[in-house]
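Chemist: Hey, dropping start.txt in here, compact mmCIF, C-alpha atoms:
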```txt
# COMPACT_ATOMS: atom_id res chain seq x y z
CA MET A 1 -21.80 15.15 -6.64
CA THR A 2 -23.87 12.83 -4.46
CA PRO A 3 -22.24 10.59 -1.81
CA GLN A 4 -22.99 7.61 -4.04
CA THR A 5 -20.92 9.06 -6.90
CA ARG A 6 -17.93 10.35 -4.96
CA LEU A 7 -14.63 8.80 -6.01
CA ALA A 8 -11.26 8.47 -4.33
CA ALA A 9 -8.16 8.01 -6.46
CA HIS A 10 -5.00 6.97 -4.63
CA ALA A 11 -3.52 4.50 -7.12
CA ARG A 12 -0.31 5.35 -8.95
CA PRO A 13 -0.59 6.45 -12.60
CA ARG A 14 -0.68 3.38 -14.80
CA ASP A 15 1.30 4.61 -17.81
CA TRP A 16 4.67 4.48 -16.07
CA THR A 17 3.91 1.09 -14.49
CA ASP A 18 2.72 -0.37 -17.79
CA ASN A 19 5.96 0.69 -19.45
CA ALA A 20 8.07 -0.61 -16.55
CA ILE A 21 6.49 -4.06 -16.83
CA ARG A 22 6.96 -3.97 -20.61
CA LEU A 23 10.68 -3.22 -20.14
CA ILE A 24 11.15 -6.15 -17.74
CA GLU A 25 9.19 -8.56 -19.94
CA ALA A 26 11.13 -7.46 -23.03
CA ASP A 27 14.38 -8.00 -21.14
CA ALA A 28 13.27 -11.53 -20.21
CA ARG A 29 12.39 -12.37 -23.82
CA ARG A 30 15.83 -11.23 -24.96
CA SER A 31 17.42 -13.69 -22.53
CA ALA A 32 17.81 -17.38 -23.39
CA ASP A 33 17.26 -19.99 -20.69
CA THR A 34 20.28 -21.02 -18.66
CA HIS A 35 22.24 -24.12 -19.58
CA LEU A 36 22.02 -27.53 -17.93
CA LEU A 37 25.52 -28.99 -17.82
CA ARG A 38 26.31 -32.68 -17.40
CA TYR A 39 29.05 -32.92 -14.78
CA PRO A 40 31.83 -35.37 -15.77
CA LEU A 41 31.77 -38.07 -13.11
CA PRO A 42 34.87 -40.30 -12.93
CA SER A 43 35.08 -43.03 -15.56
CA ALA A 44 36.94 -45.14 -12.97
CA TRP A 45 33.60 -45.97 -11.35
CA GLY A 46 32.69 -48.26 -14.24
CA ALA A 47 29.49 -48.83 -16.19
CA GLU A 48 27.73 -50.40 -13.19
CA ALA A 49 27.60 -46.98 -11.55
CA ASP A 50 24.74 -45.74 -13.73
CA VAL A 51 24.31 -42.30 -12.17
CA ALA A 52 24.55 -38.77 -13.55
CA LEU A 53 24.99 -35.29 -12.10
CA TYR A 54 23.71 -32.13 -13.75
CA LEU A 55 24.46 -28.49 -12.93
CA LYS A 56 21.87 -25.84 -13.78
CA ASP A 57 24.25 -23.04 -14.79
CA GLU A 58 22.69 -19.84 -13.49
CA THR A 59 25.84 -17.84 -14.22
CA THR A 60 24.62 -17.34 -17.78
CA HIS A 61 22.02 -14.80 -16.65
CA ILE A 62 22.96 -11.26 -17.65
CA THR A 63 23.74 -10.41 -14.02
CA GLY A 64 25.65 -13.63 -13.51
CA SER A 65 23.75 -15.54 -10.85
CA LEU A 66 20.67 -17.48 -9.77
CA LYS A 67 19.36 -14.30 -8.15
CA HIS A 68 18.52 -12.75 -11.53
CA ARG A 69 15.31 -14.79 -11.60
CA LEU A 70 14.37 -13.66 -8.09
CA ALA A 71 15.11 -10.00 -8.77
CA ARG A 72 12.91 -10.01 -11.86
CA SER A 73 10.06 -11.64 -9.93
CA LEU A 74 10.38 -9.24 -6.99
CA PHE A 75 10.23 -6.16 -9.25
CA LEU A 76 7.19 -7.49 -11.13
CA TYR A 77 5.51 -8.39 -7.83
CA ALA A 78 6.08 -4.90 -6.42
CA LEU A 79 4.99 -3.19 -9.65
CA CYS A 80 1.80 -5.21 -9.97
CA ASN A 81 0.97 -4.57 -6.30
CA GLY A 82 1.36 -0.83 -6.86
CA TRP A 83 4.29 -0.51 -4.45
CA ILE A 84 6.79 0.93 -6.95
CA GLY A 85 6.17 3.94 -9.14
CA GLU A 86 8.14 6.51 -11.08
CA GLY A 87 10.99 7.82 -8.95
CA THR A 88 10.54 5.31 -6.10
CA THR A 89 13.74 4.55 -4.22
CA VAL A 90 14.10 0.77 -4.10
CA VAL A 91 15.79 -0.73 -1.03
CA GLU A 92 16.89 -4.31 -0.38
CA ALA A 93 18.56 -6.31 2.37
CA SER A 94 21.05 -8.63 0.70
CA SER A 95 24.26 -10.58 1.07
CA GLY A 96 25.29 -9.48 -2.40
CA SER A 97 24.11 -11.40 -5.47
CA THR A 98 20.42 -10.45 -5.20
CA ALA A 99 21.44 -6.81 -4.92
CA VAL A 100 23.58 -7.08 -8.06
CA SER A 101 20.57 -8.30 -10.02
CA GLU A 102 18.16 -5.82 -8.41
CA ALA A 103 20.51 -2.94 -9.19
CA TYR A 104 20.31 -4.02 -12.83
CA PHE A 105 16.51 -3.92 -12.88
CA ALA A 106 16.41 -0.62 -10.98
CA ALA A 107 18.73 0.88 -13.59
CA LEU A 108 16.54 -0.56 -16.36
CA LEU A 109 13.57 1.34 -14.89
CA GLY A 110 15.54 4.48 -14.02
CA LEU A 111 15.03 4.07 -10.25
CA PRO A 112 17.46 4.78 -7.40
CA PHE A 113 18.57 1.63 -5.57
CA ILE A 114 20.13 1.07 -2.13
CA ALA A 115 21.52 -2.31 -1.07
CA VAL A 116 21.86 -2.93 2.66
CA MET A 117 24.47 -5.62 3.22
CA PRO A 118 27.08 -6.94 5.66
CA ALA A 119 30.44 -5.17 5.56
CA SER A 120 32.02 -8.57 4.81
CA THR A 121 30.38 -8.76 1.35
CA SER A 122 33.00 -9.37 -1.34
CA ALA A 123 34.50 -6.29 -2.96
CA ALA A 124 33.69 -7.71 -6.40
CA LYS A 125 29.95 -7.78 -5.61
CA VAL A 126 30.06 -4.24 -4.23
CA ALA A 127 31.72 -3.10 -7.46
CA LEU A 128 29.05 -4.83 -9.57
CA ILE A 129 26.23 -3.12 -7.63
CA GLU A 130 27.88 0.28 -7.94
CA ALA A 131 28.58 -0.29 -11.65
CA GLN A 132 24.79 -0.57 -12.13
CA GLY A 133 24.30 2.76 -10.37
CA GLY A 134 23.30 1.23 -7.03
CA GLN A 135 24.37 2.50 -3.62
CA CYS A 136 25.77 0.14 -0.97
CA HIS A 137 24.93 0.68 2.70
CA PHE A 138 26.83 -1.56 5.13
CA VAL A 139 26.04 -3.08 8.51
CA HIS A 140 28.34 -5.09 10.80
CA GLN A 141 26.17 -8.20 11.29
CA SER A 142 23.93 -9.90 8.75
CA GLY A 143 21.04 -9.88 11.25
CA GLU A 144 21.01 -6.07 11.14
CA VAL A 145 20.09 -5.80 7.45
CA TYR A 146 16.32 -6.16 7.89
CA ALA A 147 15.67 -3.25 10.25
CA GLU A 148 18.16 -1.01 8.47
CA ALA A 149 16.52 -1.65 5.08
CA GLU A 150 13.11 -0.85 6.55
CA ARG A 151 14.49 2.35 8.09
CA LEU A 152 16.05 3.53 4.83
CA ALA A 153 12.89 2.78 2.86
CA ALA A 154 10.84 4.84 5.34
CA GLU A 155 13.41 7.64 5.37
CA THR A 156 13.46 7.95 1.57
CA GLY A 157 9.76 7.33 1.04
CA GLY A 158 10.82 4.29 -0.96
CA HIS A 159 9.96 0.61 -1.10
CA TYR A 160 11.72 -2.27 0.67
CA LEU A 161 11.58 -5.27 -1.69
CA ASP A 162 12.13 -7.70 1.23
CA GLN A 163 13.37 -10.75 -0.64
CA PHE A 164 13.37 -12.83 2.54
CA THR A 165 9.60 -12.52 2.93
CA ASN A 166 8.51 -12.22 -0.69
CA ALA A 167 10.73 -14.74 -2.49
CA GLU A 168 8.29 -17.65 -2.18
CA ARG A 169 5.23 -15.63 -3.15
CA ALA A 170 6.69 -13.52 -5.98
CA THR A 171 7.52 -16.56 -8.15
CA ASP A 172 4.84 -18.62 -9.89
CA TRP A 173 5.74 -22.08 -8.57
CA ARG A 174 3.33 -23.84 -10.96
CA GLY A 175 5.44 -23.01 -13.97
CA ASN A 176 5.68 -19.92 -16.20
CA ASN A 177 9.33 -20.69 -16.99
CA ASN A 178 10.47 -20.86 -13.38
CA ILE A 179 13.68 -22.72 -12.56
CA ALA A 180 11.88 -25.96 -11.65
CA GLU A 181 9.96 -26.15 -14.92
CA SER A 182 13.14 -25.35 -16.83
CA ILE A 183 15.06 -28.20 -15.15
CA TYR A 184 12.44 -30.82 -16.07
CA VAL A 185 12.10 -29.57 -19.66
CA GLN A 186 15.87 -29.73 -20.13
CA MET A 187 16.09 -33.18 -18.52
CA HIS A 188 13.42 -34.65 -20.83
CA ASP A 189 15.74 -36.53 -23.20
CA GLU A 190 18.35 -37.61 -20.64
CA ARG A 191 18.87 -41.26 -19.66
CA HIS A 192 17.26 -40.62 -16.26
CA PRO A 193 14.93 -37.68 -17.01
CA ILE A 194 13.20 -37.50 -13.62
CA PRO A 195 15.91 -36.68 -11.07
CA ASP A 196 16.11 -38.76 -7.91
CA TRP A 197 17.19 -35.61 -6.09
CA ILE A 198 17.40 -31.87 -6.67
CA VAL A 199 19.87 -30.17 -4.33
CA VAL A 200 19.75 -26.46 -3.49
CA GLY A 201 20.97 -24.13 -0.77
CA ALA A 202 18.73 -21.85 1.25
CA GLY A 203 19.27 -18.10 1.33
CA THR A 204 15.81 -16.64 1.18
CA GLY A 205 14.23 -20.09 0.95
CA GLY A 206 12.49 -19.05 -2.26
CA THR A 207 14.26 -21.45 -4.61
CA SER A 208 13.62 -24.50 -2.42
CA ALA A 209 9.99 -23.39 -2.00
CA THR A 210 9.51 -23.05 -5.77
CA ILE A 211 11.16 -26.37 -6.61
CA GLY A 212 9.51 -28.28 -3.76
CA ARG A 213 6.04 -27.02 -4.67
CA TYR A 214 6.58 -27.75 -8.37
CA ILE A 215 7.70 -31.33 -7.63
CA ARG A 216 4.45 -31.94 -5.76
CA TYR A 217 2.29 -30.10 -8.29
CA ARG A 218 3.65 -32.23 -11.15
CA ARG A 219 3.61 -35.39 -8.97
CA HIS A 220 7.25 -36.20 -9.65
CA ALA A 221 9.07 -38.82 -7.59
CA THR A 222 12.00 -36.42 -7.15
CA ARG A 223 13.07 -35.57 -3.61
CA LEU A 224 14.38 -32.18 -2.53
CA CYS A 225 17.56 -31.84 -0.49
CA VAL A 226 18.50 -28.47 1.01
CA VAL A 227 22.15 -27.94 2.00
CA ASP A 228 23.10 -25.40 4.64
CA PRO A 229 26.45 -23.87 5.70
CA GLU A 230 27.80 -23.13 9.15
CA ASN A 231 26.31 -20.30 11.24
CA SER A 232 22.95 -20.69 9.52
CA ALA A 233 19.63 -21.22 11.29
CA PHE A 234 17.94 -23.34 8.62
CA PHE A 235 19.50 -26.74 9.40
CA PRO A 236 19.23 -26.71 13.21
CA ALA A 237 15.69 -25.35 12.97
CA TYR A 238 14.70 -28.10 10.53
CA ALA A 239 16.35 -30.81 12.65
CA GLU A 240 14.68 -29.63 15.85
CA ARG A 241 11.43 -28.39 14.26
CA ARG A 242 12.00 -25.07 16.03
CA TYR A 243 11.62 -22.27 13.54
CA ASP A 244 12.26 -19.49 16.02
CA LEU A 245 15.96 -20.36 16.24
CA VAL A 246 18.55 -17.67 15.52
CA THR A 247 22.34 -17.83 15.30
CA ASP A 248 24.85 -15.36 16.65
CA GLY A 249 27.08 -15.25 13.57
CA SER A 250 27.04 -14.53 9.85
CA SER A 251 27.44 -17.15 7.15
CA ARG A 252 30.81 -17.15 5.41
CA ILE A 253 29.23 -18.72 2.33
CA GLU A 254 27.76 -15.75 0.49
CA GLY A 255 24.29 -16.20 -0.98
CA ILE A 256 23.15 -18.96 1.39
CA GLY A 257 22.76 -19.38 5.12
CA ARG A 258 20.87 -16.92 7.32
CA PRO A 259 20.94 -16.02 11.03
CA ARG A 260 17.20 -16.68 11.26
CA VAL A 261 14.67 -18.88 9.45
CA GLU A 262 13.36 -16.62 6.72
CA PRO A 263 9.60 -16.40 6.06
CA SER A 264 10.07 -17.74 2.51
CA PHE A 265 11.57 -21.04 3.73
CA LEU A 266 8.94 -23.79 3.60
CA PRO A 267 10.26 -26.80 5.57
CA ASP A 268 7.35 -29.07 4.66
CA VAL A 269 8.40 -29.24 0.99
CA VAL A 270 11.94 -30.32 1.93
CA ASP A 271 12.72 -34.06 2.10
CA ARG A 272 16.20 -33.84 3.62
CA MET A 273 18.61 -31.23 4.92
CA VAL A 274 22.39 -31.58 5.05
CA ALA A 275 24.71 -29.38 7.11
CA VAL A 276 27.92 -28.66 5.17
CA PRO A 277 31.08 -27.38 6.92
CA ASP A 278 32.44 -24.19 5.38
CA ALA A 279 35.79 -25.86 4.70
CA ALA A 280 33.93 -28.49 2.65
CA SER A 281 32.07 -25.80 0.69
CA VAL A 282 35.32 -24.05 -0.24
CA ALA A 283 37.14 -27.29 -1.01
CA ALA A 284 34.28 -28.46 -3.23
CA ALA A 285 34.16 -25.09 -5.02
CA ARG A 286 37.85 -25.39 -5.82
CA HIS A 287 37.45 -29.04 -6.85
CA VAL A 288 34.56 -28.31 -9.22
CA SER A 289 36.41 -25.28 -10.61
CA ALA A 290 39.35 -27.51 -11.52
CA VAL A 291 37.07 -30.09 -13.18
CA LEU A 292 35.08 -27.51 -15.18
CA GLY A 293 38.03 -25.27 -16.00
CA ARG A 294 36.34 -22.16 -14.57
CA ARG A 295 35.72 -20.84 -11.11
CA VAL A 296 32.45 -21.43 -9.26
CA GLY A 297 31.36 -19.83 -5.99
CA ALA A 298 31.33 -21.48 -2.58
CA SER A 299 27.52 -21.77 -2.54
CA THR A 300 27.95 -24.01 -5.59
CA GLY A 301 30.55 -25.90 -3.57
CA THR A 302 27.94 -26.41 -0.84
CA ASN A 303 25.44 -27.66 -3.41
CA VAL A 304 27.88 -30.06 -5.02
CA TRP A 305 29.09 -31.40 -1.67
CA GLY A 306 25.50 -32.39 -0.91
CA ALA A 307 25.00 -33.82 -4.40
CA PHE A 308 28.18 -35.92 -4.19
CA GLY A 309 27.00 -37.45 -0.92
CA LEU A 310 23.67 -38.43 -2.47
CA LEU A 311 25.37 -39.91 -5.55
CA ALA A 312 27.62 -41.97 -3.29
CA GLU A 313 24.52 -43.31 -1.49
CA MET A 314 22.95 -44.25 -4.82
CA VAL A 315 26.06 -46.06 -6.05
CA ALA A 316 26.45 -47.92 -2.75
CA ALA A 317 22.82 -49.05 -2.94
CA GLY A 318 23.10 -50.05 -6.61
CA ARG A 319 20.50 -47.47 -7.62
CA ARG A 320 20.49 -45.84 -11.04
CA GLY A 321 19.39 -42.29 -11.56
CA SER A 322 20.27 -38.63 -11.72
CA VAL A 323 20.87 -35.70 -9.38
CA VAL A 324 20.50 -32.04 -10.32
CA THR A 325 21.96 -29.08 -8.48
CA LEU A 326 22.71 -25.43 -9.18
CA LEU A 327 25.80 -23.60 -10.34
CA ALA A 328 24.69 -20.48 -8.53
CA ASP A 329 27.30 -17.86 -9.44
CA SER A 330 30.82 -17.38 -10.76
CA GLY A 331 33.82 -17.89 -8.54
CA ASP A 332 35.46 -14.86 -10.15
CA ARG A 333 33.50 -12.77 -7.63
CA TYR A 334 35.47 -14.43 -4.83
CA ALA A 335 39.08 -14.21 -6.00
CA ASP A 336 39.99 -12.39 -2.78
CA THR A 337 38.18 -14.82 -0.47
CA TYR A 338 37.41 -18.48 -1.32
CA PHE A 339 40.21 -18.68 -3.90
CA CYS A 340 42.73 -16.81 -1.76
CA ASP A 341 44.85 -19.09 0.45
CA ASP A 342 45.61 -16.25 2.87
CA TRP A 343 41.89 -15.57 3.41
CA VAL A 344 41.20 -19.26 3.94
CA ALA A 345 43.97 -19.46 6.52
CA GLN A 346 42.73 -16.31 8.29
CA GLN A 347 39.30 -17.91 8.58
CA GLY A 348 40.83 -20.99 10.19
CA LEU A 349 39.44 -23.30 7.50
CA ASP A 350 41.30 -26.63 7.31
CA MET A 351 40.52 -28.20 3.95
CA ALA A 352 42.61 -31.35 4.42
CA ALA A 353 39.69 -33.55 5.55
CA PRO A 354 37.20 -32.44 2.86
CA ALA A 355 39.93 -32.71 0.22
CA ALA A 356 40.49 -36.34 1.30
CA THR A 357 36.74 -37.01 1.07
CA LEU A 358 36.64 -35.56 -2.44
CA ALA A 359 39.65 -37.65 -3.50
CA ALA A 360 38.01 -40.85 -2.20
CA PHE A 361 34.80 -39.95 -4.03
CA GLU A 362 36.74 -39.49 -7.27
CA ARG A 363 38.44 -42.87 -6.87
CA SER A 364 35.51 -45.09 -5.94
CA ALA A 365 32.32 -43.08 -5.27
CA ALA A 366 32.94 -43.63 -1.54
CA TRP A 367 31.82 -40.89 0.85
CA GLU A 368 34.08 -41.04 3.86
```
For the file at hand, write its structure as structure tokens.
Modeler:
Amino acid sequence: MTPQTRLAAHARPRDWTDNAIRLIEADARRSADTHLLRYPLPSAWGAEADVALYLKDETTHITGSLKHRLARSLFLYALCNGWIGEGTTVVEASSGSTAVSEAYFAALLGLPFIAVMPASTSAAKVALIEAQGGQCHFVHQSGEVYAEAERLAAETGGHYLDQFTNAERATDWRGNNNIAESIYVQMHDERHPIPDWIVVGAGTGGTSATIGRYIRYRRHATRLCVVDPENSAFFPAYAERRYDLVTDGSSRIEGIGRPRVEPSFLPDVVDRMVAVPDAASVAAARHVSAVLGRRVGASTGTNVWGAFGLLAEMVAAGRRGSVVTLLADSGDRYADTYFCDDWVAQQGLDMAAPAATLAAFERSAAWE
């Protein structure tokens, strides 16, 4: 064989990868899109308050949360890049819900899965990961998950999915049934089909990146508001335009809030950020749960707190229109935390002030 005809073959065998992608695509086709719920705003506001609130209900995914979309995209991204093959140990750094969904896809492909997460992660999420055959590996502080996930991936010869870096690049933000496209399709026949605002939290930053890019790509007038809990770096970094900021604590609102600004967070597609106290997130989660007749998580409470504030602004200004936010996961995963009065008291969360704000909003759309 001459030098010109020598070949080097390092790529993984394609048969297994082809079948793995087929399995994920078939799973997606078996799944209907998630529902868009119209939230019942108080009739006491009167007809002059021509505003509407919608909740994109991501709990209807088979793994029960918004993170199902991300997990699917991350697995396809890794497969198509040749990073995952037959027998590869898949590792992720997660605060819980992403790992639940990734454990599902790992099981679908017959791959071992390790989730690196803070020890404070809810017991219900740990049980869901383990029920899918995943292994949970705990660290004391949320900022430790990155290095530990990298170490475990190297130790096992596996692949670190790295949602915090890859979330914004693994999803096709131009469409292809992403969450942004789905929202606008479902809003088409509503009274105010183009939302004034879409409100989301930031965990990886991937959802806000996808929605913000899509808004610009489709030239919609919608603005994007990102809400952020306590002990998270996103809001102070955005306010100060200092994206090297880190915090010294972990977010108590699982699924959102990070100790550093993650690579997938794109501040230039965000129109406004709102810092939400943790007590307000929990109070809003309980309030929405009572209105809907089923429990929602505290990240949904954070979202809705931000959405209520924007609706109050619109009513005060006499503006008509709609706001869309996300029902990110079920509150049943947090029976021993956000819906447990003893846990709330142990955390020192005083919900009297946010409860008063929510009551005033119900009465007159005031935001006090």
Chemist: As a PyMOL selection string, please: the residues near stretch 324-326 of chain A (cut-off 7 Å, all atoms listed in the file, same-chain neighbours under 4 positions excluded).
Modeler: chain A and resi 53-57+195+197-200+300+303-304+307
Chemist: Find, counting only C-alpha atoms, the residue in A:Trp343, A:Ser208, A:Gly158, A:Asp268 that gets nearest to A:Trp83.
Modeler: A:Gly158
Chemist: Suppose you want the space between atom CA of A:Ser250 and atom CA of A:Ala233; what is it in Å?
Modeler: 10.1 Å
Chemist: Which residues are near A:Leu310? Cut-off 12 Å, only C-alpha atoms, ignore same chain within fewer than 3 positions. Put them as a count of residues only.
Modeler: 37
Chemist: When you draw a straight line from atom CA of A:Ala153 to atom CA of A:Phe113, how long is it in Å?
Modeler: 10.2 Å
Chemist: Given all atoms listed in the file as the basis, pick out the residue of A:Val291, A:Ala345, A:Val90, A:Ala123 nearest to A:Ala154.
Modeler: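 Between A:Val291, A:Ala345, A:Val90, A:Ala123, the residue approaching A:Ala154 most closely is A:Val90.
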Chemist: Between A:Arg241, A:Pro193, A:Ala71, A:Arg30, which residue has the minimum interatomic distance to A:Ala221, considering all atoms listed in the file?
Modeler: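 So, comparing all the options, the nearest one is A:Pro193.
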Chemist: Quick one: of A:Leu76, A:Leu128, A:Cys340, A:Val288, who's nearest to A:Ala99, counting all atoms listed in the file?
Modeler: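 Distance minimum relative to A:Ala99 lands on A:Leu128.
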Chemist: Which one of A:Trp45, A:Tyr238, A:Phe138, A:Phe75 sits closest to A:Glu25 if you count only C-alpha atoms?
Modeler: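 Using only C-alpha atoms, the shortest distance to A:Glu25 belongs to A:Phe75.
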Chemist: Please indicate the distance in Å from atom CA of A:Ala107 to atom CA of A:Gln132, rounded to one decimal place.
Modeler: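 These atoms are spaced 6.4 Å apart.
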Chemist: Which residues come within 12 Å of A:Glu155, counting only C-alpha atoms, excluding same-chain residues fewer than 6 positions away, as a list in words?
Modeler: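 In the requested form, the answer reads Thr89, Val90, Val91, Glu148 and Ala149 of chain A.
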Chemist: Please return the centre and edge lengths, in Å to one decimal, of a box with edges along x, y and z that contains all listed atoms of stretch 329-345 of chain A, widened by 5 Å on every side, as AutoDock Vina command-line options.
Modeler:
```
--center_x 36.5 --center_y -15.9 --center_z -2.1 --size_x 28.3 --size_y 17.1 --size_z 27.3
```
Chemist: Please, can stretch 328-342 of chain A be completed to N, CA, C and O atoms and returned as a JSON list (two decimals), in the frame of the given file?
Modeler:
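File written: selection-v3.json
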```
[["chain", "number", "residue", "atom", "x", "y", "z"],
["A", 328, "ALA", "N", 25.43, -21.67, -8.92],
["A", 328, "ALA", "CA", 24.69, -20.48, -8.53],
["A", 328, "ALA", "C", 25.31, -19.18, -9.02],
["A", 328, "ALA", "O", 24.61, -18.26, -9.45],
["A", 329, "ASP", "N", 26.65, -19.06, -8.93],
["A", 329, "ASP", "CA", 27.30, -17.86, -9.44],
["A", 329, "ASP", "C", 28.76, -18.16, -9.73],
["A", 329, "ASP", "O", 29.28, -19.22, -9.41],
["A", 330, "SER", "N", 29.43, -17.19, -10.35],
["A", 330, "SER", "CA", 30.82, -17.38, -10.76],
["A", 330, "SER", "C", 31.77, -17.21, -9.58],
["A", 330, "SER", "O", 31.59, -16.32, -8.74],
["A", 331, "GLY", "N", 32.80, -18.03, -9.56],
["A", 331, "GLY", "CA", 33.82, -17.89, -8.54],
["A", 331, "GLY", "C", 34.72, -16.69, -8.74],
["A", 331, "GLY", "O", 35.48, -16.33, -7.83],
["A", 332, "ASP", "N", 34.64, -16.05, -9.91],
["A", 332, "ASP", "CA", 35.46, -14.86, -10.15],
["A", 332, "ASP", "C", 35.11, -13.74, -9.18],
["A", 332, "ASP", "O", 35.92, -12.83, -8.96],
["A", 333, "ARG", "N", 33.90, -13.79, -8.60],
["A", 333, "ARG", "CA", 33.50, -12.77, -7.63],
["A", 333, "ARG", "C", 34.20, -12.96, -6.29],
["A", 333, "ARG", "O", 34.10, -12.11, -5.41],
["A", 334, "TYR", "N", 34.91, -14.08, -6.13],
["A", 334, "TYR", "CA", 35.47, -14.43, -4.83],
["A", 334, "TYR", "C", 36.98, -14.69, -4.90],
["A", 334, "TYR", "O", 37.51, -15.46, -4.11],
["A", 335, "ALA", "N", 37.64, -14.02, -5.84],
["A", 335, "ALA", "CA", 39.08, -14.21, -6.00],
["A", 335, "ALA", "C", 39.84, -13.83, -4.73],
["A", 335, "ALA", "O", 40.89, -14.41, -4.42],
["A", 336, "ASP", "N", 39.30, -12.86, -3.98],
["A", 336, "ASP", "CA", 39.99, -12.39, -2.78],
["A", 336, "ASP", "C", 39.51, -13.09, -1.51],
["A", 336, "ASP", "O", 39.95, -12.73, -0.42],
["A", 337, "THR", "N", 38.65, -14.09, -1.65],
["A", 337, "THR", "CA", 38.18, -14.82, -0.47],
["A", 337, "THR", "C", 38.37, -16.34, -0.67],
["A", 337, "THR", "O", 39.40, -16.88, -0.32],
["A", 338, "TYR", "N", 37.39, -17.01, -1.25],
["A", 338, "TYR", "CA", 37.41, -18.48, -1.32],
["A", 338, "TYR", "C", 38.58, -19.02, -2.14],
["A", 338, "TYR", "O", 39.01, -20.16, -1.92],
["A", 339, "PHE", "N", 39.10, -18.22, -3.07],
["A", 339, "PHE", "CA", 40.21, -18.68, -3.90],
["A", 339, "PHE", "C", 41.54, -18.03, -3.48],
["A", 339, "PHE", "O", 42.51, -18.10, -4.23],
["A", 340, "CYS", "N", 41.53, -17.44, -2.31],
["A", 340, "CYS", "CA", 42.73, -16.81, -1.76],
["A", 340, "CYS", "C", 43.19, -17.62, -0.55],
["A", 340, "CYS", "O", 42.47, -17.70, 0.46],
["A", 341, "ASP", "N", 44.37, -18.23, -0.63],
["A", 341, "ASP", "CA", 44.85, -19.09, 0.45],
["A", 341, "ASP", "C", 45.03, -18.31, 1.76],
["A", 341, "ASP", "O", 44.80, -18.86, 2.84],
["A", 342, "ASP", "N", 45.44, -17.06, 1.66],
["A", 342, "ASP", "CA", 45.61, -16.25, 2.87],
["A", 342, "ASP", "C", 44.27, -16.04, 3.57],
["A", 342, "ASP", "O", 44.19, -16.14, 4.80]]
```
